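> Contents of final-v6.cif (mmCIF, C-alpha atoms):
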data_query
loop_
_atom_site.group_PDB
_atom_site.id
_atom_site.type_symbol
_atom_site.label_atom_id
_atom_site.label_comp_id
_atom_site.auth_asym_id
_atom_site.auth_seq_id
_atom_site.Cartn_x
_atom_site.Cartn_y
_atom_site.Cartn_z
ATOM 1 C CA MET I 258 246.002 117.113 84.488
ATOM 2 C CA LYS I 259 245.345 113.463 84.624
ATOM 3 C CA LYS I 260 248.178 111.173 85.311
ATOM 4 C CA VAL I 261 249.348 108.697 82.677
ATOM 5 C CA PRO I 262 248.267 105.231 83.905
ATOM 6 C CA THR I 263 251.295 103.558 85.370
ATOM 7 C CA LYS I 264 249.387 100.450 86.373
ATOM 8 C CA CYS I 265 247.689 98.453 83.654
ATOM 9 C CA GLU I 266 243.954 98.494 84.146
ATOM 10 C CA PRO I 267 242.199 95.804 82.026
ATOM 11 C CA ALA I 268 238.818 97.408 82.457
ATOM 12 C CA LEU I 269 240.159 100.660 81.089
ATOM 13 C CA VAL I 270 241.790 98.894 78.142
ATOM 14 C CA SER I 271 238.488 97.109 77.458
ATOM 15 C CA ARG I 272 236.674 100.436 77.375
ATOM 16 C CA PHE I 273 239.391 101.785 75.106
ATOM 17 C CA SER I 274 238.880 98.821 72.748
ATOM 18 C CA ASP I 275 235.113 99.483 72.668
ATOM 19 C CA GLY I 276 235.618 103.200 72.040
ATOM 20 C CA GLU I 277 233.889 104.180 75.226
ATOM 21 C CA LEU I 278 236.538 106.547 76.606
ATOM 22 C CA GLY I 279 236.310 110.293 76.503
ATOM 23 C CA PRO I 280 238.798 112.285 74.403
ATOM 24 C CA GLU I 281 241.237 112.945 77.265
ATOM 25 C CA GLU I 282 241.218 109.396 78.586
ATOM 26 C CA HIS I 283 241.516 108.033 75.046
ATOM 27 C CA ALA I 284 244.625 110.172 74.451
ATOM 28 C CA LEU I 285 246.177 109.173 77.781
ATOM 29 C CA LEU I 286 245.644 105.448 77.226
ATOM 30 C CA SER I 287 246.899 105.661 73.653
ATOM 31 C CA SER I 288 250.103 107.101 75.013
ATOM 32 C CA HIS I 289 250.280 104.294 77.586
ATOM 33 C CA LEU I 290 249.696 101.590 75.037
ATOM 34 C CA ARG I 291 252.689 102.749 73.039
ATOM 35 C CA ASP I 292 254.964 101.665 75.861
ATOM 36 C CA CYS I 293 253.035 98.818 77.570
ATOM 37 C CA ALA I 294 253.287 95.444 75.853
ATOM 38 C CA SER I 295 250.886 93.846 78.302
ATOM 39 C CA CYS I 296 248.151 96.342 77.579
ATOM 40 C CA GLN I 297 248.846 96.084 73.879
ATOM 41 C CA LYS I 298 248.259 92.340 74.106
ATOM 42 C CA THR I 299 245.060 92.866 76.061
ATOM 43 C CA HIS I 300 243.877 95.374 73.476
ATOM 44 C CA ARG I 301 244.574 92.950 70.586
ATOM 45 C CA GLU I 302 242.701 90.170 72.369
ATOM 46 C CA ASN I 303 239.737 92.492 72.934
ATOM 47 C CA GLN I 304 239.686 93.439 69.249
ATOM 48 C CA ALA I 305 239.861 89.783 68.124
ATOM 49 C CA LEU I 306 237.024 88.816 70.438
ATOM 50 C CA SER I 307 234.939 91.739 69.226
ATOM 51 C CA ALA I 308 235.548 90.816 65.566
ATOM 52 C CA LEU I 309 234.590 87.218 66.223
ATOM 53 C CA PHE I 310 231.370 88.237 67.934
ATOM 54 C CA LYS I 311 230.506 90.670 65.169
ATOM 55 C CA ALA I 312 231.098 88.077 62.449
ATOM 56 C CA SER I 313 228.944 85.529 64.217
ATOM 57 C CA LEU I 314 226.138 88.006 64.723
ATOM 58 C CA GLU I 315 226.184 89.070 61.084
ATOM 59 C CA GLY I 316 226.032 85.444 60.014
ATOM 60 C CA GLU I 317 222.928 84.845 62.080
ATOM 61 C CA LEU I 318 221.272 88.036 60.895
ATOM 62 C CA SER I 319 221.866 87.144 57.257
ATOM 63 C CA GLN I 320 219.601 84.102 57.717
ATOM 64 C CA VAL I 321 216.701 86.140 59.109
ATOM 65 C CA ASN I 322 214.193 87.907 56.839
ATOM 66 C CA LEU I 323 213.779 91.032 58.860
ATOM 67 C CA HIS I 324 211.392 92.479 56.312
ATOM 68 C CA ALA I 325 209.000 89.536 56.664
ATOM 69 C CA PHE I 326 209.285 89.707 60.424
ATOM 70 C CA GLU I 327 208.503 93.395 60.395
ATOM 71 C CA GLN I 328 205.546 92.841 58.061
ATOM 72 C CA GLY I 329 204.169 90.109 60.292
ATOM 73 C CA VAL I 330 204.326 92.363 63.309
ATOM 74 C CA MET I 331 202.594 95.162 61.415
ATOM 75 C CA ASP I 332 199.892 92.781 60.159
ATOM 76 C CA LYS I 333 199.122 91.663 63.676
ATOM 77 C CA ILE I 334 198.869 95.228 64.808
ATOM 78 C CA GLN I 335 196.520 96.080 61.958
ATOM 79 C CA ALA I 336 194.436 92.932 62.502
ATOM 80 C CA GLY I 337 193.794 94.032 65.998
ATOM 81 C CA ASN I 338 192.493 97.362 64.732
ATOM 82 C CA SER I 339 190.466 96.150 61.704
ATOM 83 C CA PRO I 340 186.661 95.634 61.776
ATOM 84 C CA TRP I 341 185.254 92.122 62.130
ATOM 85 C CA TRP I 342 184.081 91.867 58.532
ATOM 86 C CA MET I 343 187.640 92.258 57.231
ATOM 87 C CA GLY I 344 188.302 88.707 58.314
ATOM 88 C CA PHE I 345 185.360 87.540 56.211
ATOM 89 C CA ARG I 346 186.768 89.378 53.215
ATOM 90 C CA ASP I 347 190.153 87.805 53.719
ATOM 91 C CA LEU I 348 188.469 84.402 53.848
ATOM 92 C CA LEU I 349 186.916 84.942 50.426
ATOM 93 C CA ALA I 350 189.956 86.581 48.868
ATOM 94 C CA PRO I 351 191.902 83.423 47.959
ATOM 95 C CA LYS I 352 191.122 82.295 44.402
ATOM 96 C CA LYS I 353 190.783 78.667 45.389
ATOM 97 C CA ILE I 354 187.701 79.545 47.417
ATOM 98 C CA LEU I 355 186.148 82.387 45.453
ATOM 99 C CA ILE I 356 186.106 80.963 41.936
ATOM 100 C CA PRO I 357 184.591 77.564 42.863
ATOM 101 C CA ALA I 358 182.067 79.356 45.053
ATOM 102 C CA ALA I 359 181.074 81.617 42.168
ATOM 103 C CA ALA I 360 180.791 78.621 39.837
ATOM 104 C CA MET I 361 178.636 76.767 42.333
ATOM 105 C CA ALA I 362 176.401 79.801 42.796
ATOM 106 C CA ALA I 363 175.983 80.059 39.020
ATOM 107 C CA MET I 364 175.015 76.404 38.742
ATOM 108 C CA LEU I 365 172.486 76.727 41.542
ATOM 109 C CA VAL I 366 170.919 79.765 39.886
ATOM 110 C CA LEU I 367 170.563 77.931 36.573
ATOM 111 C CA PHE I 368 169.222 74.793 38.239
ATOM 112 C CA PHE I 369 166.504 76.512 40.230
ATOM 113 C CA SER I 370 165.543 78.718 37.315
ATOM 114 C CA LEU I 371 164.872 75.601 35.251
ATOM 115 C CA MET I 372 162.913 73.929 38.019
ATOM 116 C CA ARG I 373 160.066 76.360 37.777
ATOM 117 C CA PRO I 374 157.065 75.717 40.062
ATOM 118 C CA LEU I 375 153.803 74.353 38.729
ATOM 119 C CA ALA I 376 151.289 76.817 37.356
ATOM 120 C CA PRO I 377 149.466 78.645 40.146
ATOM 121 C CA VAL I 378 145.960 77.461 40.999
ATOM 122 C CA THR I 379 144.368 80.847 40.466
ATOM 123 C CA ALA I 380 142.841 80.088 37.066
ATOM 124 C CA PRO I 381 141.547 77.043 35.195
ATOM 125 C CA SER I 382 144.272 74.968 33.658
ATOM 126 C CA ALA I 383 142.630 75.282 30.235
ATOM 127 C CA ILE I 384 140.287 77.764 28.616
ATOM 128 C CA ILE I 385 138.018 76.216 25.973
ATOM 129 C CA ASN I 386 137.761 78.514 22.951
ATOM 130 C CA SER I 387 135.862 76.183 20.618
ATOM 131 C CA PHE I 388 134.592 72.625 20.273
ATOM 132 C CA THR I 389 133.322 70.596 17.361
ATOM 133 C CA GLY I 390 132.768 66.886 16.895
ATOM 134 C CA GLU I 391 130.617 63.947 16.057
ATOM 135 C CA VAL I 392 129.455 63.518 19.632
ATOM 136 C CA SER I 393 126.184 62.870 21.342
ATOM 137 C CA SER I 394 127.061 64.870 24.421
ATOM 138 C CA VAL I 395 129.898 66.828 25.960
ATOM 139 C CA MET I 396 130.667 68.048 29.462
ATOM 140 C CA ILE I 397 133.316 70.544 30.520
ATOM 141 C CA ILE I 398 134.366 69.960 34.133
ATOM 142 C CA GLU I 399 136.762 71.781 36.438
ATOM 143 C CA THR I 400 138.153 69.937 39.464
ATOM 144 C CA PRO I 401 137.355 71.815 42.649
ATOM 145 C CA LYS I 402 140.783 72.226 44.247
ATOM 146 C CA SER I 403 143.350 72.138 41.484
ATOM 147 C CA ARG I 404 141.039 73.633 38.839
ATOM 148 C CA GLN I 405 142.112 71.089 36.241
ATOM 149 C CA THR I 406 139.956 71.184 33.100
ATOM 150 C CA ILE I 407 138.304 67.969 31.882
ATOM 151 C CA ILE I 408 136.370 67.546 28.622
ATOM 152 C CA TRP I 409 134.122 64.492 28.655
ATOM 153 C CA PHE I 410 132.353 63.501 25.462
ATOM 154 C CA ASN I 411 130.317 60.584 24.247
ATOM 155 C CA GLU I 412 130.990 59.442 20.720
ATOM 156 C CA ALA I 413 127.973 59.457 18.459
ATOM 157 C CA MET Y 216 190.075 88.152 43.317
ATOM 158 C CA LYS Y 217 189.142 91.811 43.230
ATOM 159 C CA PRO Y 218 185.554 92.678 44.097
ATOM 160 C CA ASN Y 219 184.965 94.061 40.601
ATOM 161 C CA LYS Y 220 185.822 90.746 39.005
ATOM 162 C CA PHE Y 221 183.508 88.921 41.387
ATOM 163 C CA ILE Y 222 180.629 91.261 40.556
ATOM 164 C CA ALA Y 223 181.341 90.847 36.853
ATOM 165 C CA ILE Y 224 181.118 87.077 37.167
ATOM 166 C CA LEU Y 225 177.767 87.285 38.956
ATOM 167 C CA LEU Y 226 176.355 89.658 36.349
ATOM 168 C CA PHE Y 227 177.471 87.327 33.570
ATOM 169 C CA VAL Y 228 175.753 84.403 35.282
ATOM 170 C CA PHE Y 229 172.469 86.278 35.616
ATOM 171 C CA LEU Y 230 172.673 87.449 32.005
ATOM 172 C CA LEU Y 231 173.247 83.895 30.859
ATOM 173 C CA GLU Y 232 170.237 82.692 32.812
ATOM 174 C CA ALA Y 233 168.018 85.424 31.358
ATOM 175 C CA LEU Y 234 169.100 84.596 27.814
ATOM 176 C CA ALA Y 235 168.465 80.914 28.396
ATOM 177 C CA GLY Y 236 164.996 81.658 29.656
ATOM 178 C CA ALA Y 237 164.228 83.855 26.672
ATOM 179 C CA ALA Y 238 165.534 81.235 24.272
ATOM 180 C CA TRP Y 239 163.357 78.555 25.808
ATOM 181 C CA ALA Y 240 160.264 80.664 25.731
ATOM 182 C CA GLY Y 241 160.153 81.092 21.975
ATOM 183 C CA SER Y 242 161.515 77.852 20.595
ATOM 184 C CA ARG Y 243 159.530 74.696 21.362
ATOM 185 C CA ILE Y 244 156.527 73.508 23.290
ATOM 186 C CA ASN Y 245 157.080 70.294 25.191
ATOM 187 C CA ILE Y 246 154.024 68.058 25.394
ATOM 188 C CA ILE Y 247 153.380 64.850 27.288
ATOM 189 C CA VAL Y 248 150.314 62.747 26.465
ATOM 190 C CA LYS Y 249 149.223 60.045 28.891
ATOM 191 C CA THR Y 250 146.580 57.549 27.840
ATOM 192 C CA VAL Y 251 144.660 56.178 30.823
ATOM 193 C CA LEU Y 252 142.025 53.464 31.104
ATOM 194 C CA ALA Y 253 139.496 54.243 33.830
ATOM 195 C CA SER Y 254 137.182 51.459 34.895
ATOM 196 C CA GLN Y 255 135.122 50.075 37.735
ATOM 197 C CA GLY Y 256 137.219 46.934 38.009
ATOM 198 C CA ALA Y 257 139.508 45.887 40.834
ATOM 199 C CA SER Y 258 140.968 48.837 42.676
ATOM 200 C CA PHE Y 259 144.224 49.868 41.064
ATOM 201 C CA ILE Y 260 146.055 53.180 40.780
ATOM 202 C CA ASP Y 261 149.004 53.198 38.424
ATOM 203 C CA PRO Y 262 152.087 54.570 40.252
ATOM 204 C CA GLY Y 263 152.719 57.005 37.423
ATOM 205 C CA LEU Y 264 149.283 58.565 37.790
ATOM 206 C CA SER Y 265 149.170 59.497 41.460
ATOM 207 C CA SER Y 266 148.867 63.254 40.951
ATOM 208 C CA LEU Y 267 146.434 62.893 38.053
ATOM 209 C CA THR Y 268 144.121 60.434 39.823
ATOM 210 C CA GLN Y 269 143.815 62.778 42.781
ATOM 211 C CA ASP Y 270 142.155 65.259 40.426
ATOM 212 C CA LEU Y 271 140.078 62.630 38.620
ATOM 213 C CA GLN Y 272 138.817 61.019 41.821
ATOM 214 C CA SER Y 273 137.405 64.374 42.888
ATOM 215 C CA VAL Y 274 134.870 64.197 40.028
ATOM 216 C CA PHE Y 275 134.747 60.530 38.949
ATOM 217 C CA ARG Y 276 133.987 57.333 40.882
ATOM 218 C CA TYR Y 277 136.170 54.923 38.969
ATOM 219 C CA SER Y 278 138.124 52.495 41.112
ATOM 220 C CA SER Y 279 140.868 51.684 38.633
ATOM 221 C CA TYR Y 280 143.190 54.001 36.693
ATOM 222 C CA ARG Y 281 145.729 52.246 34.498
ATOM 223 C CA LEU Y 282 148.378 53.975 32.402
ATOM 224 C CA LEU Y 283 148.296 52.478 28.925
ATOM 225 C CA SER Y 284 150.887 54.632 27.182
ATOM 226 C CA GLN Y 285 152.852 57.845 27.481
ATOM 227 C CA ASP Y 286 154.213 59.915 24.588
ATOM 228 C CA ARG Y 287 156.455 62.963 24.539
ATOM 229 C CA MET Y 288 156.632 65.618 21.836
ATOM 230 C CA SER Y 289 158.591 68.759 21.268
ATOM 231 C CA LEU Y 290 156.744 70.931 18.783
ATOM 232 C CA LYS Y 291 157.329 74.279 17.174
ATOM 233 C CA LEU Y 292 154.419 76.651 16.683
ATOM 234 C CA ASN Y 293 152.056 75.437 13.928
ATOM 235 C CA GLN Y 294 153.778 72.055 13.880
ATOM 236 C CA THR Y 295 151.428 69.083 14.353
ATOM 237 C CA GLY Y 296 152.403 66.159 16.522
ATOM 238 C CA THR Y 297 150.599 62.818 16.377
ATOM 239 C CA THR Y 298 150.202 60.007 18.879
ATOM 240 C CA THR Y 299 148.382 56.732 18.412
ATOM 241 C CA LEU Y 300 145.519 55.960 20.774
ATOM 242 C CA PRO Y 301 143.841 52.647 21.530
ATOM 243 C CA GLY Y 302 140.897 51.552 19.390
ATOM 244 C CA LYS Y 303 142.346 52.769 16.074
ATOM 245 C CA ARG Y 304 142.275 56.352 17.262
ATOM 246 C CA MET Y 305 144.814 59.088 16.755
ATOM 247 C CA LEU Y 306 145.429 62.333 18.630
ATOM 248 C CA LYS Y 307 146.819 65.346 16.753
ATOM 249 C CA ILE Y 308 148.166 68.328 18.670
ATOM 250 C CA THR Y 309 149.130 71.659 17.102
ATOM 251 C CA PRO Y 310 150.517 74.577 19.131
ATOM 252 C CA LEU Y 311 149.241 77.773 17.536
ATOM 253 C CA ARG Y 312 150.699 80.631 19.581
ATOM 254 C CA ILE Y 313 151.850 81.639 23.015
ATOM 255 C CA SER Y 314 149.905 84.343 24.838
ATOM 256 C CA GLY Y 315 151.387 85.327 28.144
ATOM 257 C CA ASN Y 316 151.498 82.237 30.312
ATOM 258 C CA ARG Y 317 149.272 80.138 28.071
ATOM 259 C CA VAL Y 318 149.770 78.253 24.841
ATOM 260 C CA ALA Y 319 146.971 78.001 22.307
ATOM 261 C CA LEU Y 320 146.569 74.354 21.245
ATOM 262 C CA ARG Y 321 144.383 72.610 18.734
ATOM 263 C CA LEU Y 322 143.495 69.061 19.769
ATOM 264 C CA ALA Y 323 141.856 66.668 17.286
ATOM 265 C CA ILE Y 324 140.915 63.011 17.710
ATOM 266 C CA HIS Y 325 140.599 60.846 14.636
ATOM 267 C CA LYS Y 326 138.981 57.410 14.555
ATOM 268 C CA LYS Y 327 139.444 55.113 11.586
ATOM 269 C CA GLY Y 328 140.715 58.036 9.505
ATOM 270 C CA ARG Y 329 137.813 60.337 10.342
ATOM 271 C CA GLN Y 330 137.936 63.335 12.638
ATOM 272 C CA ILE Y 331 135.422 62.909 15.426
ATOM 273 C CA PHE Y 332 136.512 65.576 17.880
ATOM 274 C CA GLU Y 333 138.302 68.933 17.749
ATOM 275 C CA THR Y 334 138.826 71.643 20.304
ATOM 276 C CA ALA Y 335 140.844 74.825 20.541
ATOM 277 C CA ILE Y 336 142.097 75.616 24.024
ATOM 278 C CA GLN Y 337 144.481 77.876 25.858
ATOM 279 C CA LEU Y 338 146.547 75.774 28.232
ATOM 280 C CA LEU Y 339 148.557 77.157 31.124
ATOM 281 C CA ASN Y 340 152.315 76.728 31.005
ATOM 282 C CA ARG Y 341 153.026 73.501 32.917
ATOM 283 C CA GLY Y 342 149.273 72.928 33.007
ATOM 284 C CA ARG Y 343 147.219 69.939 31.918
ATOM 285 C CA ILE Y 344 143.877 69.105 30.373
ATOM 286 C CA THR Y 345 142.110 65.738 30.311
ATOM 287 C CA VAL Y 346 139.906 64.648 27.422
ATOM 288 C CA GLY Y 347 137.911 61.517 28.019
ATOM 289 C CA GLY Y 348 134.877 59.501 27.162
ATOM 290 C CA PRO Y 349 135.582 56.897 24.418
ATOM 291 C CA LYS Y 350 134.689 53.374 25.547
ATOM 292 C CA TYR Y 351 137.433 50.771 25.539
ATOM 293 C CA LYS Y 352 137.698 47.251 26.999
ATOM 294 C CA GLY Y 353 135.072 47.673 29.675
ATOM 295 C CA GLY Y 354 136.261 51.099 30.684
ATOM 296 C CA TYR Y 355 136.740 54.581 29.364
ATOM 297 C CA LEU Y 356 139.766 56.202 27.782
ATOM 298 C CA LEU Y 357 141.208 59.406 29.197
ATOM 299 C CA PHE Y 358 143.858 61.443 27.349
ATOM 300 C CA ASN Y 359 145.825 63.737 29.627
ATOM 301 C CA VAL Y 360 147.799 66.475 27.847
ATOM 302 C CA PHE Y 361 150.551 68.379 29.699
ATOM 303 C CA SER Y 362 152.477 71.233 28.089
ATOM 304 C CA SER Y 363 155.399 73.392 29.061
ATOM 305 C CA PHE Y 364 157.445 76.067 27.324
#
When written as structure tokens, how does the structure in this file appear?

Amino acid sequence: MKKVPTKCEPALVSRFSDGELGPEEHALLSSHLRDCASCQKTHRENQALSALFKASLEGELSQVNLHAFEQGVMDKIQAGNSPWWMGFRDLLAPKKILIPAAAMAAMLVLFFSLMRPLAPVTAPSAIINSFTGEVSSVMIIETPKSRQTIIWFNEA
Amino acid sequence: MKPNKFIAILLFVFLLEALAGAAWAGSRINIIVKTVLASQGASFIDPGLSSLTQDLQSVFRYSSYRLLSQDRMSLKLNQTGTTTLPGKRMLKITPLRISGNRVALRLAIHKKGRQIFETAIQLLNRGRITVGGPKYKGGYLLFNVFSSF
């Protein structure tokens, strides 16, 4: 049977205040505290200090967005595991980049579709189907490289 | 933006471009007529004729090419456009039909109210034909016709 503490032990009282004693020790010290004013005072001081610390900690925690912090940590973990092209997708995801880019692409498509290239030089520029006139002579000429058609006539 | 919306925007853009192309093809034929005076005078190439003179110099030996006038027309099929030429002449152009990549044109030159020349041709889209020969002020007139549709 353990002896009732006859000498005040601050360390023991501190453990009692923090709820760290076993059932037997807790019962023994409770009995001692009923009769020891000094230990009672020590116990009250320990409780006040603990309450002050707890209140301060809760105040600090209330100003921290733990959810955002947790999400940030998870995002970093996932970024380390995601393929390289995911970063490219994330770059295009914001609307302020994607919509102007799409509009610019549309304008470029329309612009270059209107600026069609000159007719290919695989055929004469003009095919003569018929000719009539009050002329003394007529020549139909095709330029050698560009195959441009020329009609040369002399008025009668 | 979701990928589906992005794809939808691109498809709409391509559809718009295709419709615009189809609308252009059937509506009007744009024609540019350049009247040029070719002569053996002092060497001169009009800045607005650089591409044309390269073709002409491959077959002619004129030293001077001067742009006298330039007219633009936008004609519907079977609509006749008219441009005045030097020496009391007049050029009438009538698009008849579009066949593939060519437009059928009727070209007629009138002098003093009388038709002296007429030809029916099929001209390539964005192609040109030159009609020349009438004498004028010591040189010869050339009429370059460019069409696009």
> Please expand the PyMOL selection byres ((chain Y) within 7 of (chain I)) into the concrete residues it hits in this file, giving the result as a list in words.
Met216, Val228, Glu232, Asp270, Ser273, Val274, Ile331, Phe332, Glu333, Thr334, Ala335, Ile336, Gln337, Leu338, Leu339, Asn340, Arg341, Gly342, Arg343, Ile344, Thr345, Val346, Gly347, Gly348 and Pro349 of chain Y
> List as a PDB file with C-alpha atoms, keeping the file's coordinate frame the protein and nucleic acid residues near range 289-297 of chain Y, meaning an atom at most 8 Å away when only C-alpha atoms are counted, but skip any in the same chain fewer than 6 places from it.

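Okay, this is what ended up in result_37.pdb:
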ATOM      1  CA  SER Y 242     161.515  77.852  20.595  1.00  0.00           C
ATOM      2  CA  ARG Y 243     159.530  74.696  21.362  1.00  0.00           C
ATOM      3  CA  ILE Y 244     156.527  73.508  23.290  1.00  0.00           C
ATOM      4  CA  ASN Y 245     157.080  70.294  25.191  1.00  0.00           C
ATOM      5  CA  ILE Y 246     154.024  68.058  25.394  1.00  0.00           C
ATOM      6  CA  MET Y 305     144.814  59.088  16.755  1.00  0.00           C
ATOM      7  CA  LEU Y 306     145.429  62.333  18.630  1.00  0.00           C
ATOM      8  CA  LYS Y 307     146.819  65.346  16.753  1.00  0.00           C
ATOM      9  CA  ILE Y 308     148.166  68.328  18.670  1.00  0.00           C
ATOM     10  CA  THR Y 309     149.130  71.659  17.102  1.00  0.00           C
ATOM     11  CA  PRO Y 310     150.517  74.577  19.131  1.00  0.00           C
ATOM     12  CA  LEU Y 311     149.241  77.773  17.536  1.00  0.00           C
ATOM     13  CA  ARG Y 312     150.699  80.631  19.581  1.00  0.00           C
TER      14      ARG Y 312
END
> Listed atoms of range 310-320 of chain I, axis-aligned box, 8 Å per side: centre and edge lengths to one decimal in Å, as AutoDock Vina command-line options?

--center_x 225.5 --center_y 87.4 --center_z 62.6 --size_x 27.8 --size_y 22.6 --size_z 26.7
> What is the distance, in Å and to one decimal place, between CA of Glu302 in chain I and CA of Gly276 in chain I?
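We find that CA of Glu302 in chain I and CA of Gly276 in chain I lie 14.8 Å from each other.
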> What does the structure give for the distance between CA of Tyr277 in chain Y and CA of Asp261 in chain Y, in Å to one decimal?
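Computing the Euclidean distance for CA of Tyr277 in chain Y and CA of Asp261 in chain Y yields 13.0 Å.
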> Can you work out the spacing between CA of Tyr355 in chain Y and CA of Ile260 in chain Y in Å, to one decimal?
14.8 Å
> Using all atoms listed in the file, which of Y:Ala319, Y:Leu252, Y:Ile324, Y:Leu264 sits nearest Ser279 in chain Y?
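Going through Y:Ala319, Y:Leu252, Y:Ile324, Y:Leu264 one by one, the smallest distance to Ser279 in chain Y is for Y:Leu252.
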> Spell out the residues picked by the PyMOL selection byres ((chain I and resi 286-298) around 10) here, as an NGL selection string.
:I and (261-267 or 269-271 or 273 or 278 or 281-285 or 299-304)
